[in-house]
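For reference, the structure discussed in these notes is given below.
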Amino acid sequence: MISQNKPDIIDADIVVIGGGIGGHTFSITAKEKNPELKIIVVEKATAGKTGPSALVGGRYQGFLIETDDFDKSFQHAVEEDDYLCDQEKVEDYLNYSGNVFRSLERWGVKFIKKPDGQYDRPLSRGYHSGMLLDGGGIPNMQALNDYARKIGVVFLDRVMITDLITRQNQVVGVVGFNVRDGQFKTLRSRIVVLATGMTRFKTIQPGHRNDTGDGYAMAYRAGAEMGGFDSTHHNTYGARWEVGPGNNLYVGLGGYFLNALGERFMHKYHPELAERAPFVWLSPSFCIERMERRAPPIYLDLRHFTPDKIETLWQSVPYAMTRYERAGILKNNKFVELIEYTPEGPRPMPCGVVTGRGYESKNISGLFAVGDATSQKGAGGLAAAAVSGVIAALSAAEKAKVTPAPEVDMEQASELKKAAFSPLERQDGVEPSHVILAVQEAIHPYSVAIIRHGRRMEKALKEIETIRDNLLPVMHAYDSHYLMLANEARNMVICAEMFLNSALERKESRLGRLREDYRDMDNVNWLKYIFLKNEKGRMKTWAEDVPIDKYKLKPKREKVLHPFWKIVDGLGYKNTVEEN
Amino acid sequence: MGIRKIDLDRCDGCGICIEACPMDVLRYDTGLRKAFIKYLADCQACLLCEMSCPVNAIYVSPDYERRIPVPIYY
Ligand SMILES: Cc1cc2nc3c(=O)[nH]c(=O)nc-3n(C[C@H](O)[C@H](O)[C@H](O)COP(=O)(O)OP(=O)(O)OC[C@H]3O[C@@H](n4cnc5c(N)ncnc54)[C@H](O)[C@@H]3O)c2cc1C
Ligand code: SF4
Ligand code: SF4
């Protein structure tokens with residue numbers, strides 16, 4: 001046991017892993033609350049410049065308590081997750097959201113305003129209207145980063161954290177390496193915050209490929225209780241070009257989808273919202289069109305957009321518009337081509353470390369998880385990440401003051417290093433990109449994650465286990481960049497396992513979890529969360545009741561055909577995945 | 001996928017693009033004193049490098065080069 005300072009150990013009060021919006025709102029709030037704290041944000045790319053928060057579609061789903069309808073927003077948030085959310089956190093989210101919004105403005109974030117001085121909040125996906133980031137994510141994340149640096153938050157860029165160091169169910173630090181020079185790093189800290197975002201398994205669409213579920217995997221390896229991996233969201237994106245983001249804006253401004261026959265179809269699946277249906281409704285609708293042999297292709301049609309709409313898009317998603325121009329889809333400021341569209345690969349969500357109301361892990365003391373790294377946060381996207389960062393910081397800053405200086409077991413650190421560095425030690429072997437492709441091939445088919453069946457998920461799980469047992473042990477990294485990819489691949493394999501094991505556990509249908517073999521939504525037996533944990537190297541999953549009795553909104557306790565399947569049946573569609 | 005070229009006549013080696021790239025695609029050549037494309041396969045066509053280059057030396061194209069299996073085609 002080594003407790004004295006060694007030159008290769010960096011000491012901090014709080015280490016934040018991930019420099020997206022959650023990492024920033026956390027560290028700014030904690031630093032403002034307690035300026036004495038030494039807070040280090042570690043980021044594998046460049047904090048405030050890169051990652052999903054910087055490359056977003058520009059919509060900020062903020063809620064303003066002075067003007068917006070609390071009860072309606074509460075109800076929509078609960079219904080969008082088919083009653084499986086943590087209603088206390090939804091309430092906290094709505095209560096804090098307005099203050100966090102004002103704080104963001106104070107920290108330099110700019111939102112688009114109309115000539116009358118009101119925030120521009122165009123219609124968006126679902127029942128929400130979002131504020132718009134002026135200039136998109138990049139200048140605004142940069143502003144947050146400038147502010148954080150100004151008040152003394154320290155940033156360590158190009159360092160990938162690979163594992164948490166724990167001691168008797170308490171987190172005491174992290175290990176990682178510099179992706180440019182391969183230097184190993186040990187950070188010792190009273191508090192560790194996972195702000196590592198999500199994983200989309202490096203699917204299509206620019207912006208999210210830094211997020212490979214590292215936070216999920218390292219928390220899992222450290223024994224944290226994890227939850228929510230049974231649900232997957234699938235945004236829709238360009239199938240032929242690296243175009244987007246901006247989905248919510250396109251449909252909010254009146255864009256629509258056409259199938260291979262040139263027909264609009266979304267109004268059949270969601271008569272009220274049509275194209276503006278939530279992704280958990282939109283992507284299965286695309287899949288049914290495919291099963292009925294009217295897709296692919298599916299197209300997004302923006303050709304009717306008037307100059308004012310084009311102007312809004314340039315203001316809010318300028319990079320996406322540049323890509324449309326380069327692809328020849330936008331010419332002389334007019335959309336001239338249809339954009340071939342597809343659901344992306346699975347993104348487990350809302351999932352991550354199981355946390356309480358202060359966003360601290362339920363079973364590992366001192367470990368906090370915010371933004372997309374936590375299993376429940378009251379809503380999704382930028383706003384929820386920002387709010388959860390603030391709420392977590394309020395309790396973490398207090399806890400840091402009373403937590404004694406941690407001791408790090410250097411033997412544990414060196415074991416963790418060995419595991420992370422093994423691909424570099426090997427002389428030859430499988431490239432990480434091959435492993436990543438194999439994972440994608442196992443779980444990206446629509447018939448695995450979007451339209452589910454036990455048999456298909458079991459088959460996919462076997463493929464993932466084969467990758468785990470046969471490919472991971474022989475993965476080879478030529479240098480420190482490939483070492484990053486190798487560790488990402490290792491983490492994605494764990495995430496794929498977490499998704500499939502959890503999805504198999506749930507024997508019913510719900511949004512984000514539609515099964516052909518269990519088509520009922522079962523509020524009698526399955527009003528449950530799916531949790532999982534690493535138990536001596538084995539992934540243990542279990543279901544636990546949603547504490548619905550203490551919640552405000554309760555669904556009818558009945559077992560009924562899921563509303564999505566009811567619509568599909570009503571349309572007379574009979575094809576199943578098996579028949580294709 | 002993505003980055004097509006760095007115009008070496010224009011590049012003055014300021015390194016801004018190298019810091020901007022989220023995917024660590026770009027590195028610095030100490031001999032040439034310019035940026036170069038090292039890990040092309042990892043480029044995600046996000047445009048951050050091009051937009052941050054002060055001398056317009058970079059061009060990024062939005063076409064896919066790597067096969068990524070996607071749902072309704074699979
Ligand atoms: C293309 C795209 C468009 C989107 N558009 C919108 C939108 O318009 N509106 C909206 O509300 N939401 C949008 N979202 C979702 C939104 O971006 C996320 O929900 C939000 O940014 C999450 O913030 P976060 O702080 O949790 O994490 P992220 O912003 O994901 O940041 C996580 C950071 O952690 C770093 N990291 C990960 N692993 C490690 C590691 N091992 N070591 C060190 N660093 C690590 C990553 O590099 C990354 O910078 C979009 C997402 C994408 C990908
Ligand atoms: S930003 Fe432009 S000038 Fe600077 S190193 Fe990159 S390519 Fe060269
Ligand atoms: S387009 Fe994006 S990912 Fe590609 S090299 Fe430029 S900054 Fe890097």
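By convention here, the chains of the structure tokens are called A, B, ... in the order presented, each chain's residues are numbered starting at 1, and ligands are numbered starting at 1 in the order presented.
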
Do you have, as JSON lines, the list of residues of chain B lying at most 8 Å from chain A, each with its nearest atom pair and that distance in Å to one decimal, counting only C-alpha atoms and ordered by chain then number?
{"residue": "B:Glu19", "atom": "CA", "partner": "A:Thr46", "partner_atom": "CA", "distance": 6.7}
{"residue": "B:Ala20", "atom": "CA", "partner": "A:Lys49", "partner_atom": "CA", "distance": 6.6}
{"residue": "B:Cys21", "atom": "CA", "partner": "A:Thr50", "partner_atom": "CA", "distance": 7.4}
{"residue": "B:Pro22", "atom": "CA", "partner": "A:Ala45", "partner_atom": "CA", "distance": 5.1}
{"residue": "B:Met23", "atom": "CA", "partner": "A:Asn210", "partner_atom": "CA", "distance": 6.8}
{"residue": "B:Asp24", "atom": "CA", "partner": "A:Ala45", "partner_atom": "CA", "distance": 7.3}
{"residue": "B:Gln44", "atom": "CA", "partner": "A:Pro206", "partner_atom": "CA", "distance": 5.2}
{"residue": "B:Ala45", "atom": "CA", "partner": "A:Pro206", "partner_atom": "CA", "distance": 6.1}
{"residue": "B:Cys46", "atom": "CA", "partner": "A:Pro206", "partner_atom": "CA", "distance": 5.3}
{"residue": "B:Leu47", "atom": "CA", "partner": "A:Tyr319", "partner_atom": "CA", "distance": 7.0}
{"residue": "B:Ser61", "atom": "CA", "partner": "A:Arg326", "partner_atom": "CA", "distance": 6.7}
{"residue": "B:Pro62", "atom": "CA", "partner": "A:Glu242", "partner_atom": "CA", "distance": 4.8}
{"residue": "B:Asp63", "atom": "CA", "partner": "A:Trp241", "partner_atom": "CA", "distance": 4.8}
{"residue": "B:Tyr64", "atom": "CA", "partner": "A:Trp241", "partner_atom": "CA", "distance": 6.0}
{"residue": "B:Ile68", "atom": "CA", "partner": "A:Thr203", "partner_atom": "CA", "distance": 6.5}
{"residue": "B:Pro69", "atom": "CA", "partner": "A:Glu441", "partner_atom": "CA", "distance": 6.2}
{"residue": "B:Val70", "atom": "CA", "partner": "A:Glu344", "partner_atom": "CA", "distance": 5.8}
{"residue": "B:Pro71", "atom": "CA", "partner": "A:Tyr446", "partner_atom": "CA", "distance": 4.3}
{"residue": "B:Ile72", "atom": "CA", "partner": "A:Tyr446", "partner_atom": "CA", "distance": 5.8}
{"residue": "B:Tyr73", "atom": "CA", "partner": "A:Pro296", "partner_atom": "CA", "distance": 6.8}
{"residue": "B:Tyr74", "atom": "CA", "partner": "A:Pro445", "partner_atom": "CA", "distance": 4.8}

Can you pull out every residue with an atom within 10 Å of ligand 2? Use only C-alpha atoms and all ligand atoms and format it as number ranges by chain.
B: 5-21, 26-29, 33-37, 48-59

How would the residues just picked look written out with N, CA, C and O atoms as a compact mmCIF listing (two decimals), in the first residue's frame?
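Below is the file that was written, part.txt:
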# COMPACT_ATOMS: atom_id res chain seq x y z
N LYS B 5 -7.77 16.04 -47.82
CA LYS B 5 -6.39 16.50 -48.00
C LYS B 5 -6.05 17.64 -47.06
O LYS B 5 -6.93 18.37 -46.58
N ILE B 6 -4.75 17.75 -46.81
CA ILE B 6 -4.22 18.95 -46.17
C ILE B 6 -3.27 19.56 -47.20
O ILE B 6 -2.32 18.91 -47.64
N ASP B 7 -3.56 20.76 -47.62
CA ASP B 7 -2.76 21.42 -48.65
C ASP B 7 -1.45 21.89 -48.01
O ASP B 7 -1.43 22.85 -47.23
N LEU B 8 -0.38 21.20 -48.36
CA LEU B 8 0.89 21.46 -47.69
C LEU B 8 1.47 22.83 -48.04
O LEU B 8 2.28 23.39 -47.31
N ASP B 9 1.06 23.37 -49.21
CA ASP B 9 1.53 24.72 -49.55
C ASP B 9 0.93 25.76 -48.62
O ASP B 9 1.54 26.77 -48.32
N ARG B 10 -0.28 25.47 -48.18
CA ARG B 10 -0.94 26.46 -47.31
C ARG B 10 -0.63 26.23 -45.84
O ARG B 10 -0.55 27.19 -45.07
N CYS B 11 -0.55 24.99 -45.43
CA CYS B 11 -0.41 24.67 -43.99
C CYS B 11 0.85 25.31 -43.42
O CYS B 11 1.94 25.15 -43.95
N ASP B 12 0.67 26.04 -42.31
CA ASP B 12 1.85 26.64 -41.67
C ASP B 12 2.20 25.92 -40.36
O ASP B 12 3.00 26.43 -39.57
N GLY B 13 1.55 24.77 -40.15
CA GLY B 13 1.94 23.95 -38.99
C GLY B 13 1.51 24.49 -37.64
O GLY B 13 2.09 24.15 -36.62
N CYS B 14 0.45 25.30 -37.62
CA CYS B 14 0.04 25.91 -36.34
C CYS B 14 -0.50 24.86 -35.35
O CYS B 14 -0.50 25.08 -34.14
N GLY B 15 -0.97 23.73 -35.85
CA GLY B 15 -1.40 22.64 -34.95
C GLY B 15 -2.83 22.74 -34.45
O GLY B 15 -3.29 21.87 -33.69
N ILE B 16 -3.55 23.77 -34.87
CA ILE B 16 -4.92 23.96 -34.36
C ILE B 16 -5.80 22.76 -34.74
O ILE B 16 -6.57 22.25 -33.91
N CYS B 17 -5.68 22.29 -35.96
CA CYS B 17 -6.53 21.18 -36.41
C CYS B 17 -6.23 19.91 -35.61
O CYS B 17 -7.13 19.12 -35.32
N ILE B 18 -4.96 19.76 -35.23
CA ILE B 18 -4.56 18.54 -34.51
C ILE B 18 -5.24 18.53 -33.13
O ILE B 18 -5.70 17.49 -32.65
N GLU B 19 -5.32 19.69 -32.51
CA GLU B 19 -5.99 19.78 -31.21
C GLU B 19 -7.50 19.66 -31.36
O GLU B 19 -8.20 19.16 -30.48
N ALA B 20 -8.03 20.11 -32.49
CA ALA B 20 -9.49 20.11 -32.68
C ALA B 20 -10.02 18.71 -32.97
O ALA B 20 -11.16 18.40 -32.63
N CYS B 21 -9.23 17.86 -33.59
CA CYS B 21 -9.79 16.59 -34.08
C CYS B 21 -10.19 15.66 -32.94
O CYS B 21 -9.35 15.21 -32.16
N LEU B 26 -5.30 13.37 -36.86
CA LEU B 26 -4.21 14.21 -37.38
C LEU B 26 -3.04 14.27 -36.41
O LEU B 26 -3.22 14.27 -35.20
N ARG B 27 -1.87 14.34 -36.95
CA ARG B 27 -0.66 14.46 -36.14
C ARG B 27 0.28 15.48 -36.79
O ARG B 27 0.05 15.92 -37.91
N TYR B 28 1.38 15.77 -36.09
CA TYR B 28 2.32 16.81 -36.52
C TYR B 28 3.61 16.17 -37.01
O TYR B 28 4.17 15.30 -36.32
N ASP B 29 4.06 16.57 -38.19
CA ASP B 29 5.32 16.05 -38.71
C ASP B 29 6.44 17.02 -38.35
O ASP B 29 6.45 18.16 -38.84
N ARG B 33 7.21 20.12 -40.43
CA ARG B 33 6.56 21.15 -39.61
C ARG B 33 5.16 21.46 -40.10
O ARG B 33 4.75 22.61 -40.25
N LYS B 34 4.45 20.41 -40.42
CA LYS B 34 3.07 20.55 -40.89
C LYS B 34 2.22 19.42 -40.32
O LYS B 34 2.75 18.41 -39.86
N ALA B 35 0.89 19.64 -40.43
CA ALA B 35 -0.02 18.58 -39.99
C ALA B 35 -0.10 17.51 -41.07
O ALA B 35 0.08 17.80 -42.25
N PHE B 36 -0.35 16.28 -40.66
CA PHE B 36 -0.60 15.24 -41.66
C PHE B 36 -1.69 14.29 -41.18
O PHE B 36 -2.02 14.25 -39.99
N ILE B 37 -2.27 13.57 -42.15
CA ILE B 37 -3.37 12.65 -41.84
C ILE B 37 -2.76 11.30 -41.47
O ILE B 37 -2.12 10.67 -42.31
N LEU B 48 -14.51 19.60 -37.92
CA LEU B 48 -13.89 20.49 -36.92
C LEU B 48 -12.52 20.98 -37.38
O LEU B 48 -12.17 22.14 -37.18
N CYS B 49 -11.74 20.09 -38.01
CA CYS B 49 -10.40 20.49 -38.44
C CYS B 49 -10.49 21.58 -39.50
O CYS B 49 -9.85 22.62 -39.41
N GLU B 50 -11.33 21.33 -40.49
CA GLU B 50 -11.42 22.27 -41.60
C GLU B 50 -11.89 23.65 -41.12
O GLU B 50 -11.35 24.68 -41.50
N MET B 51 -12.93 23.63 -40.28
CA MET B 51 -13.50 24.90 -39.82
C MET B 51 -12.52 25.66 -38.91
O MET B 51 -12.62 26.87 -38.79
N SER B 52 -11.61 24.93 -38.28
CA SER B 52 -10.71 25.66 -37.37
C SER B 52 -9.40 26.05 -38.04
O SER B 52 -8.61 26.79 -37.45
N CYS B 53 -9.15 25.58 -39.23
CA CYS B 53 -7.88 25.91 -39.89
C CYS B 53 -7.89 27.38 -40.34
O CYS B 53 -8.72 27.78 -41.15
N PRO B 54 -6.95 28.18 -39.84
CA PRO B 54 -6.98 29.61 -40.18
C PRO B 54 -6.60 29.91 -41.63
O PRO B 54 -6.87 31.01 -42.11
N VAL B 55 -5.98 28.95 -42.33
CA VAL B 55 -5.54 29.26 -43.70
C VAL B 55 -6.25 28.40 -44.75
O VAL B 55 -5.79 28.31 -45.90
N ASN B 56 -7.36 27.79 -44.36
CA ASN B 56 -8.15 27.03 -45.33
C ASN B 56 -7.37 25.94 -46.05
O ASN B 56 -7.50 25.78 -47.27
N ALA B 57 -6.58 25.19 -45.30
CA ALA B 57 -5.74 24.19 -45.96
C ALA B 57 -6.41 22.81 -46.06
O ALA B 57 -5.89 21.92 -46.72
N ILE B 58 -7.57 22.65 -45.38
CA ILE B 58 -8.15 21.30 -45.26
C ILE B 58 -9.46 21.19 -46.03
O ILE B 58 -10.24 22.15 -46.08
N TYR B 59 -9.68 20.04 -46.64
CA TYR B 59 -10.98 19.78 -47.25
C TYR B 59 -11.53 18.44 -46.73
O TYR B 59 -10.82 17.43 -46.75

Contacts of ligand 1, 7 Å or closer, only C-alpha atoms and all ligand atoms, given as JSON, numbers by chain:
{"A": [17, 18, 19, 20, 21, 22, 23, 42, 43, 44, 45, 47, 50, 51, 52, 53, 54, 55, 56, 57, 58, 59, 60, 61, 159, 160, 161, 162, 195, 196, 197, 198, 205, 206, 207, 208, 210, 211, 212, 213, 214, 215, 245, 246, 248, 370, 371, 372, 373, 380, 381, 382, 383, 385]}

When you count only C-alpha atoms, which of these residues is closest to A:Asn99: A:Asp522, A:Glu465, A:Asp428, A:Glu66?
A:Glu66

As a PyMOL selection string, list the residues of stretch 4-70 of chain B assigned to strand (DSSP E) by DSSP on the backbone atoms of this structure.
chain B and resi 4-6+26-29+34-37+58-61

Kindly export the residues of the current selection with N, CA, C and O atoms, as a PDB file, in the first residue's frame.
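See out20.pdb below for the written result:
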ATOM      1  N   ARG B   4     -10.034  14.713 -46.838  1.00  0.00           N
ATOM      2  CA  ARG B   4      -9.477  14.365 -48.136  1.00  0.00           C
ATOM      3  C   ARG B   4      -8.037  14.815 -48.280  1.00  0.00           C
ATOM      4  O   ARG B   4      -7.210  14.138 -48.843  1.00  0.00           O
ATOM      5  N   LYS B   5      -7.772  16.039 -47.821  1.00  0.00           N
ATOM      6  CA  LYS B   5      -6.392  16.495 -47.998  1.00  0.00           C
ATOM      7  C   LYS B   5      -6.055  17.637 -47.060  1.00  0.00           C
ATOM      8  O   LYS B   5      -6.932  18.369 -46.580  1.00  0.00           O
ATOM      9  N   ILE B   6      -4.747  17.749 -46.814  1.00  0.00           N
ATOM     10  CA  ILE B   6      -4.216  18.950 -46.171  1.00  0.00           C
ATOM     11  C   ILE B   6      -3.267  19.560 -47.202  1.00  0.00           C
ATOM     12  O   ILE B   6      -2.319  18.908 -47.644  1.00  0.00           O
ATOM     13  N   LEU B  26      -5.295  13.367 -36.858  1.00  0.00           N
ATOM     14  CA  LEU B  26      -4.213  14.208 -37.381  1.00  0.00           C
ATOM     15  C   LEU B  26      -3.039  14.274 -36.409  1.00  0.00           C
ATOM     16  O   LEU B  26      -3.221  14.274 -35.199  1.00  0.00           O
ATOM     17  N   ARG B  27      -1.870  14.338 -36.949  1.00  0.00           N
ATOM     18  CA  ARG B  27      -0.656  14.465 -36.136  1.00  0.00           C
ATOM     19  C   ARG B  27       0.281  15.477 -36.791  1.00  0.00           C
ATOM     20  O   ARG B  27       0.050  15.924 -37.908  1.00  0.00           O
ATOM     21  N   TYR B  28       1.383  15.774 -36.092  1.00  0.00           N
ATOM     22  CA  TYR B  28       2.316  16.807 -36.524  1.00  0.00           C
ATOM     23  C   TYR B  28       3.608  16.166 -37.007  1.00  0.00           C
ATOM     24  O   TYR B  28       4.168  15.301 -36.324  1.00  0.00           O
ATOM     25  N   ASP B  29       4.057  16.569 -38.186  1.00  0.00           N
ATOM     26  CA  ASP B  29       5.316  16.049 -38.713  1.00  0.00           C
ATOM     27  C   ASP B  29       6.437  17.022 -38.355  1.00  0.00           C
ATOM     28  O   ASP B  29       6.447  18.163 -38.844  1.00  0.00           O
ATOM     29  N   LYS B  34       4.453  20.409 -40.424  1.00  0.00           N
ATOM     30  CA  LYS B  34       3.074  20.552 -40.890  1.00  0.00           C
ATOM     31  C   LYS B  34       2.220  19.425 -40.322  1.00  0.00           C
ATOM     32  O   LYS B  34       2.749  18.411 -39.862  1.00  0.00           O
ATOM     33  N   ALA B  35       0.895  19.640 -40.432  1.00  0.00           N
ATOM     34  CA  ALA B  35      -0.021  18.584 -39.993  1.00  0.00           C
ATOM     35  C   ALA B  35      -0.103  17.511 -41.072  1.00  0.00           C
ATOM     36  O   ALA B  35       0.080  17.802 -42.249  1.00  0.00           O
ATOM     37  N   PHE B  36      -0.355  16.281 -40.655  1.00  0.00           N
ATOM     38  CA  PHE B  36      -0.599  15.244 -41.660  1.00  0.00           C
ATOM     39  C   PHE B  36      -1.689  14.287 -41.180  1.00  0.00           C
ATOM     40  O   PHE B  36      -2.020  14.250 -39.988  1.00  0.00           O
ATOM     41  N   ILE B  37      -2.266  13.568 -42.152  1.00  0.00           N
ATOM     42  CA  ILE B  37      -3.373  12.646 -41.839  1.00  0.00           C
ATOM     43  C   ILE B  37      -2.763  11.298 -41.474  1.00  0.00           C
ATOM     44  O   ILE B  37      -2.124  10.667 -42.305  1.00  0.00           O
ATOM     45  N   ILE B  58      -7.573  22.648 -45.381  1.00  0.00           N
ATOM     46  CA  ILE B  58      -8.148  21.299 -45.260  1.00  0.00           C
ATOM     47  C   ILE B  58      -9.459  21.192 -46.035  1.00  0.00           C
ATOM     48  O   ILE B  58     -10.244  22.147 -46.082  1.00  0.00           O
ATOM     49  N   TYR B  59      -9.679  20.036 -46.635  1.00  0.00           N
ATOM     50  CA  TYR B  59     -10.983  19.777 -47.248  1.00  0.00           C
ATOM     51  C   TYR B  59     -11.526  18.441 -46.735  1.00  0.00           C
ATOM     52  O   TYR B  59     -10.823  17.429 -46.746  1.00  0.00           O
ATOM     53  N   VAL B  60     -12.785  18.472 -46.281  1.00  0.00           N
ATOM     54  CA  VAL B  60     -13.433  17.258 -45.764  1.00  0.00           C
ATOM     55  C   VAL B  60     -14.646  16.947 -46.630  1.00  0.00           C
ATOM     56  O   VAL B  60     -15.435  17.830 -46.948  1.00  0.00           O
ATOM     57  N   SER B  61     -14.768  15.697 -47.012  1.00  0.00           N
ATOM     58  CA  SER B  61     -15.923  15.293 -47.824  1.00  0.00           C
ATOM     59  C   SER B  61     -16.855  14.410 -46.977  1.00  0.00           C
ATOM     60  O   SER B  61     -16.374  13.617 -46.169  1.00  0.00           O
TER      61      SER B  61
END

One decimal, in Å: what's the spacing between atom CA of A:Lys185 and atom CA of A:Gln170?
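Value for the atom CA of A:Lys185-atom CA of A:Gln170 distance: 19.7 Å.
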
Nearby residues (only C-alpha atoms) at most 9 Å from stretch 505-520 of chain A, same-chain spacing under 6 positions excluded, as a PyMOL selection string:
chain A and resi 80-82+230-234+279-281+284+348-349+449-454+526+528-530+541-543+559-565+576-577

If you keep C-alpha atoms, can you produce a file of those selected residues as an mmCIF file, in the first residue's frame?
data_model
loop_
_atom_site.group_PDB
_atom_site.id
_atom_site.type_symbol
_atom_site.label_atom_id
_atom_site.label_comp_id
_atom_site.auth_asym_id
_atom_site.auth_seq_id
_atom_site.Cartn_x
_atom_site.Cartn_y
_atom_site.Cartn_z
ATOM 1 C CA GLU A 80 -42.230 8.773 -23.144
ATOM 2 C CA ASP A 81 -40.502 6.126 -21.076
ATOM 3 C CA ASP A 82 -43.667 4.038 -20.609
ATOM 4 C CA ASP A 230 -32.672 -3.115 -21.873
ATOM 5 C CA SER A 231 -33.887 -0.013 -23.706
ATOM 6 C CA THR A 232 -32.297 1.174 -26.957
ATOM 7 C CA HIS A 233 -32.957 4.348 -28.918
ATOM 8 C CA HIS A 234 -32.160 4.606 -32.584
ATOM 9 C CA PHE A 279 -37.323 8.106 -32.044
ATOM 10 C CA VAL A 280 -38.557 5.086 -30.094
ATOM 11 C CA TRP A 281 -41.642 5.208 -32.309
ATOM 12 C CA PRO A 284 -39.608 0.781 -35.494
ATOM 13 C CA PRO A 348 -28.800 1.883 -24.935
ATOM 14 C CA MET A 349 -30.622 4.689 -23.146
ATOM 15 C CA ALA A 449 -32.439 -4.297 -31.289
ATOM 16 C CA ILE A 450 -35.448 -2.522 -32.821
ATOM 17 C CA ILE A 451 -37.829 -5.364 -33.637
ATOM 18 C CA ARG A 452 -36.695 -7.890 -31.062
ATOM 19 C CA HIS A 453 -37.119 -11.613 -30.560
ATOM 20 C CA GLY A 454 -35.554 -13.816 -27.880
ATOM 21 C CA TRP A 526 -43.176 -5.955 -15.709
ATOM 22 C CA LYS A 528 -39.751 -3.183 -13.345
ATOM 23 C CA TYR A 529 -36.249 -1.859 -13.913
ATOM 24 C CA ILE A 530 -33.573 -4.198 -15.208
ATOM 25 C CA THR A 541 -29.016 -9.318 -14.357
ATOM 26 C CA TRP A 542 -32.191 -8.960 -12.328
ATOM 27 C CA ALA A 543 -35.522 -7.122 -12.369
ATOM 28 C CA LYS A 559 -51.487 -6.358 -19.496
ATOM 29 C CA VAL A 560 -52.409 -5.102 -22.980
ATOM 30 C CA LEU A 561 -51.089 -5.292 -26.520
ATOM 31 C CA HIS A 562 -48.434 -2.556 -26.756
ATOM 32 C CA PRO A 563 -49.887 0.556 -28.500
ATOM 33 C CA PHE A 564 -47.234 0.332 -31.238
ATOM 34 C CA TRP A 565 -48.143 -3.284 -32.037
ATOM 35 C CA THR A 576 -42.672 -10.730 -39.363
ATOM 36 C CA VAL A 577 -38.904 -10.519 -39.453
#

What is the atom CA of A:Lys459-atom CA of A:Asn491 distance in Å, reported with one decimal?
20.1 Å

Write out as JSON, numbers by chain all residues of chain B that DSSP puts in helix (DSSP H, G or I) for this structure's backbone.
{"B": [16, 17, 18, 19, 20, 40, 41, 42, 48, 49, 50, 51, 52, 71, 72, 73]}

Export, as a short mmCIF file (atom, residue, chain, number, x, y, z; two decimals), in the first residue's frame, the selected residues with N, CA, C and O atoms.
data_model
loop_
_atom_site.label_atom_id
_atom_site.label_comp_id
_atom_site.auth_asym_id
_atom_site.auth_seq_id
_atom_site.Cartn_x
_atom_site.Cartn_y
_atom_site.Cartn_z
N ILE B 16 -3.55 23.77 -34.87
CA ILE B 16 -4.92 23.96 -34.36
C ILE B 16 -5.80 22.76 -34.74
O ILE B 16 -6.57 22.25 -33.91
N CYS B 17 -5.68 22.29 -35.96
CA CYS B 17 -6.53 21.18 -36.41
C CYS B 17 -6.23 19.91 -35.61
O CYS B 17 -7.13 19.12 -35.32
N ILE B 18 -4.96 19.76 -35.23
CA ILE B 18 -4.56 18.54 -34.51
C ILE B 18 -5.24 18.53 -33.13
O ILE B 18 -5.70 17.49 -32.65
N GLU B 19 -5.32 19.69 -32.51
CA GLU B 19 -5.99 19.78 -31.21
C GLU B 19 -7.50 19.66 -31.36
O GLU B 19 -8.20 19.16 -30.48
N ALA B 20 -8.03 20.11 -32.49
CA ALA B 20 -9.49 20.11 -32.68
C ALA B 20 -10.02 18.71 -32.97
O ALA B 20 -11.16 18.40 -32.63
N LEU B 40 -6.61 7.87 -41.03
CA LEU B 40 -7.75 8.24 -41.88
C LEU B 40 -9.01 7.43 -41.58
O LEU B 40 -10.12 7.96 -41.58
N ALA B 41 -8.84 6.14 -41.32
CA ALA B 41 -10.01 5.27 -41.13
C ALA B 41 -10.88 5.72 -39.96
O ALA B 41 -12.04 5.35 -39.88
N ASP B 42 -10.33 6.51 -39.05
CA ASP B 42 -11.12 6.93 -37.88
C ASP B 42 -11.81 8.27 -38.07
O ASP B 42 -12.50 8.74 -37.17
N LEU B 48 -14.51 19.60 -37.92
CA LEU B 48 -13.89 20.49 -36.92
C LEU B 48 -12.52 20.98 -37.38
O LEU B 48 -12.17 22.14 -37.18
N CYS B 49 -11.74 20.09 -38.01
CA CYS B 49 -10.40 20.49 -38.44
C CYS B 49 -10.49 21.58 -39.50
O CYS B 49 -9.85 22.62 -39.41
N GLU B 50 -11.33 21.33 -40.49
CA GLU B 50 -11.42 22.27 -41.60
C GLU B 50 -11.89 23.65 -41.12
O GLU B 50 -11.35 24.68 -41.50
N MET B 51 -12.93 23.63 -40.28
CA MET B 51 -13.50 24.90 -39.82
C MET B 51 -12.52 25.66 -38.91
O MET B 51 -12.62 26.87 -38.79
N SER B 52 -11.61 24.93 -38.28
CA SER B 52 -10.71 25.66 -37.37
C SER B 52 -9.40 26.05 -38.04
O SER B 52 -8.61 26.79 -37.45
N PRO B 71 -29.21 -0.47 -39.49
CA PRO B 71 -30.44 -1.22 -39.38
C PRO B 71 -31.22 -1.57 -40.66
O PRO B 71 -31.03 -2.67 -41.12
N ILE B 72 -32.00 -0.74 -41.27
CA ILE B 72 -32.94 -1.32 -42.23
C ILE B 72 -32.28 -1.95 -43.45
O ILE B 72 -32.92 -2.59 -44.27
N TYR B 73 -30.96 -1.79 -43.58
CA TYR B 73 -30.26 -2.45 -44.68
C TYR B 73 -29.76 -3.82 -44.25
O TYR B 73 -29.23 -4.58 -45.06
#
